[in-house]
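Chemist: Quick one: this structure, given as structure tokens, is what I'll be asking you about.
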There are 2 protein chains.
Amino acid sequence: MASTEGTYRVWNVPERLLPFKMDSGEELPVLQVAYQTFGNLNAKKNNTVLVLHAFSGDSNAVSWWKTMIGPGLPIDTQKYFVVCSNVLGGCAGTTGPRSIDPATGKPYGFSFPIPSIRDMVRVQALLLDHLGVEKVLATIGGSMGGMQALEWARTFPDRLESSIVIASTTRISPQNIGFHVVGRYAIMSDPYWNGGHYPEGGGPRTGLAVARMLGHITFLSEEAMYEKFGRRIRPEKESPLAFGDEHEVESYLWHQGTKFVDRFDATTYVLLTKAMDYFDFAAGYRNLEEAFAQTRCDFLIISFTSDWLFPTEQSREMYRALLRAGRSATFAEIDTDKGHDSFLLDNPEMEQLVRAFLEARL
Amino acid sequence: MASTEGTYRVWNVPERLLPFKMDSGEELPVLQVAYQTFGNLNAKKNNTVLVLHAFSGDSNAVSWWKTMIGPGLPIDTQKYFVVCSNVLGGCAGTTGPRSIDPATGKPYGFSFPIPSIRDMVRVQALLLDHLGVEKVLATIGGSMGGMQALEWARTFPDRLESSIVIASTTRISPQNIGFHVVGRYAIMSDPYWNGGHYPEGGGPRTGLAVARMLGHITFLSEEAMYEKFGRRIRPEKESPLAFGDEHEVESYLWHQGTKFVDRFDATTYVLLTKAMDYFDFAAGYRNLEEAFAQTRCDFLIISFTSDWLFPTEQSREMYRALLRAGRSATFAEIDTDKGHDSFLLDNPEMEQLVRAFLEARL
């Protein structure tokens, strides 16, 4: 295993497991899963940590979670067998809108079905079967990754010991849906959207940049924006659309937006925001408590005081419902002014919590 | 006067007062001011209330401030002579980007200079001269209107008795600038923007709708969005870009966005957001206190607890600086869950405060 550490792999799901039926009722006749593993599965096969990426992440977990995953780090690759795969509907190797639809011989584009968080999780379970992992020590993820960590606990209650849910929610707020709506309109009203038909690397690049710029405002707390930029003016203009004097926040957002366009697909943006909008952990149950009664694992819930996108109150609500459902749960609200982004940043408190939680369970 | 009550008028600023030199250094050789008046100027000429509109307002103050202006209402048109004009750079009659540039014979478009809040206020002062009003009983405005109310107090300290500043700030936050930036990019990256050259009613309609949709999220508190829409799904799709099931918040935002496009100009959107970005009441002074030391009027500062766009803390900071500067100021933080929009809604507490404040000064 050591020689293939972190190697990017694509697993073609064998035909006997296909078609893959999605929650929308649509079926995928072909399914590929892009994944990476770090560390080794031990003899008892009880040291797997499944890392679940957020909206814009990918399978290369060590690159986007540098402070969390690696030798000696909280998700210690010398102790744990770490698995991370790109989500269904994504644009980093797993089947999604840029994949070829066998029915047409052309990319799915916007005809790709809206994936549910449960669809993503069921694909991950297939991958673990393939890797010979029956039981997971922990699932862990932030933001949309946290939604998957929650869904794992309900859909596969017998397959996991614990679940770590960071800066996440059992359902996003109407405000958060609103931000997604605006992002989708920016993309889908871009004339290069063209109903989702566009060449790789082309498409609604300006709409996608606008959507991402908006995203970056919501990832940061107001305090963090004061610290990072204040109301400072830049001497030179960075973005082609700037006029007059440019505030630093303007060039920051522009850079974030344009950088993103080179690595992310607009249709994936549209579909995954919709997946988050629809996610409602308590749907079909009388309440959240009843939904959590379906789970069996231990939970660690972490939230950040200055996160206004996935407010800490939503994590507290989750924690209370878990306790009412008689589940084992730990809740830590971390005091920070860094906003939603905190889960991706170096945060010693989060790191220590995750390290101790995992070590106690190995 | 009674017969022309509320009549929309356009005043052509006489040549002897032109060109109008803007803070940017640019000059306007022609200047028109669209305004409306309600009630009558009394014999002592001391009953004028100058109403200053917010970003998307216009001179027809009784239409957008229904609960505040009219017979028997807080700004009682039976007692006060109420004046309201469209701001410089606007799109409702006063000279702005849709006006003809005498130098070219064509609309200014994006070549219209970025107006400052002080430019707006200086145009209003010319209008009051024209109306024979030397001294104002009160200037009053919410949001961008509050910025003008502040600027009035500094630029014309001898011309006003009092100033009422609602849901406003001495300078907006980097987060708020960020939202403006995203709105401007949505507009200016729309292919119909065309460098600001577009026919009346045409132009970057989708970009402007996207910008306004985003605006409407920021006008509402998270609580208000839960109350208004929650996470409810609509049975039928309202907007042409909706797909899958549509959340109610989606159709609400879409309606707000598309409705707005029919009554507002995209270049005005771009220029007035920039005017707000640049407004910094303390710029050029050592601190806010020193800036307020230039004023002489009484202040009433009103903020709303759930306003996260112009947070109440900014109003408190304003109030404290006023007190340190030895000014007469009253600060009222109104408890409401309606967000920034509160200043335009029926709010008995605000109405009572304004009524009493004005009555005490007549």
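Chain labels run A, B, ... following the order of the structure tokens; each chain numbers its residues from 1, and ligands are numbered from 1 in the order shown.
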Based on the backbone DSSP call, show me all residues of stretch 16-94 of chain A assigned alpha helix (DSSP H), as a list in words.

Modeler: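 Those residues are Ala61, Val62, Ser63 and Trp64 of chain A.
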
Chemist: Find the residues around A:Asp337 up to 7 Å (only C-alpha atoms counted), leave out those fewer than 2 positions away in its own chain, and share them as a PyMOL selection string.

Modeler: chain A and resi 221+223-224+306+339

Chemist: Those residues with N, CA and C atoms, as a compact mmCIF listing (two decimals), in the first residue's frame please?

Modeler:
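The resulting file, again-v3.txt, is shown below:
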# COMPACT_ATOMS: atom_id res chain seq x y z
N SER A 221 -16.30 35.35 8.02
CA SER A 221 -17.09 36.15 8.95
C SER A 221 -16.86 37.61 8.64
N GLU A 223 -15.97 39.77 10.80
CA GLU A 223 -14.73 40.10 11.51
C GLU A 223 -13.52 39.73 10.66
N ALA A 224 -13.57 38.53 10.07
CA ALA A 224 -12.44 38.08 9.26
C ALA A 224 -12.22 39.01 8.08
N SER A 306 -18.32 32.06 14.75
CA SER A 306 -18.50 33.13 13.75
C SER A 306 -18.98 32.61 12.40
N GLY A 339 -15.07 32.43 10.71
CA GLY A 339 -16.25 32.08 9.92
C GLY A 339 -16.31 30.63 9.49

Chemist: With only C-alpha atoms as the counted atoms, please give the residues lying no more than 8 Å from A:Asp341, apart from itself and same-chain residues fewer than 2 positions off, as a ChimeraX atom specification.

Modeler: /A:219-220,307,338-339,343-345

Chemist: Looking at only C-alpha atoms, which of A:Thr258, A:Ser63, A:Asn47, A:Ser99 is the one that sits closest to chain B?

Modeler: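 Of A:Thr258, A:Ser63, A:Asn47, A:Ser99, the one nearest chain B, counting only C-alpha atoms, is A:Thr258.
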
Chemist: If you measure from atom CA of B:Lys274 to atom CA of A:Pro204, what distance in Å do you get, rounded to one decimal?

Modeler: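 Taking atom CA of B:Lys274 as the start and atom CA of A:Pro204 as the end point, the length is 25.8 Å.
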
Chemist: In terms of the shortest atom-to-atom distance over only C-alpha atoms, which of A:Glu248, A:Tyr269, A:Gly93, A:Ala167 is closest to A:Ala211?

Modeler: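 Among the listed residues, the smallest separation from A:Ala211 belongs to A:Tyr269.
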
Chemist: Set the distance at 12 Å and use only C-alpha atoms: which residues neighbour A:Pro348 once local chain neighbours fewer than 2 positions away are removed? I'd like the list as an MDAnalysis selection string.

Modeler: chainID A and resid 67:68 73:74 334:336 342:346 350:355

Chemist: Take the residues that were just selected and, keeping C-alpha atoms, output them as a PDB file, in the first residue's frame.

Modeler:
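again_7.pdb, written as the output of this step:
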ATOM      1  CA  THR A  67      -3.455  20.497   8.958  1.00  0.00           C
ATOM      2  CA  MET A  68      -5.675  17.491   9.596  1.00  0.00           C
ATOM      3  CA  LEU A  73      -1.582  14.858  12.345  1.00  0.00           C
ATOM      4  CA  PRO A  74      -5.033  14.346  13.906  1.00  0.00           C
ATOM      5  CA  ILE A 334     -15.124  26.620  18.966  1.00  0.00           C
ATOM      6  CA  ASP A 335     -14.648  30.321  19.539  1.00  0.00           C
ATOM      7  CA  THR A 336     -13.099  31.828  16.426  1.00  0.00           C
ATOM      8  CA  SER A 342     -12.560  27.673   9.922  1.00  0.00           C
ATOM      9  CA  PHE A 343     -12.928  23.958   9.271  1.00  0.00           C
ATOM     10  CA  LEU A 344     -10.365  24.181   6.462  1.00  0.00           C
ATOM     11  CA  LEU A 345      -7.920  26.367   8.392  1.00  0.00           C
ATOM     12  CA  ASP A 346      -5.369  25.538  11.038  1.00  0.00           C
ATOM     13  CA  MET A 350     -10.522  21.370  16.273  1.00  0.00           C
ATOM     14  CA  GLU A 351      -7.356  19.376  15.643  1.00  0.00           C
ATOM     15  CA  GLN A 352      -7.053  18.337  19.282  1.00  0.00           C
ATOM     16  CA  LEU A 353     -10.731  17.370  19.483  1.00  0.00           C
ATOM     17  CA  VAL A 354     -10.550  15.171  16.387  1.00  0.00           C
ATOM     18  CA  ARG A 355      -7.244  13.607  17.438  1.00  0.00           C
TER      19      ARG A 355
END

Chemist: Could you jot down the atom CA of B:Met318 to atom CA of B:Leu300 separation for me, Å, one decimal place?

Modeler: 10.7 Å
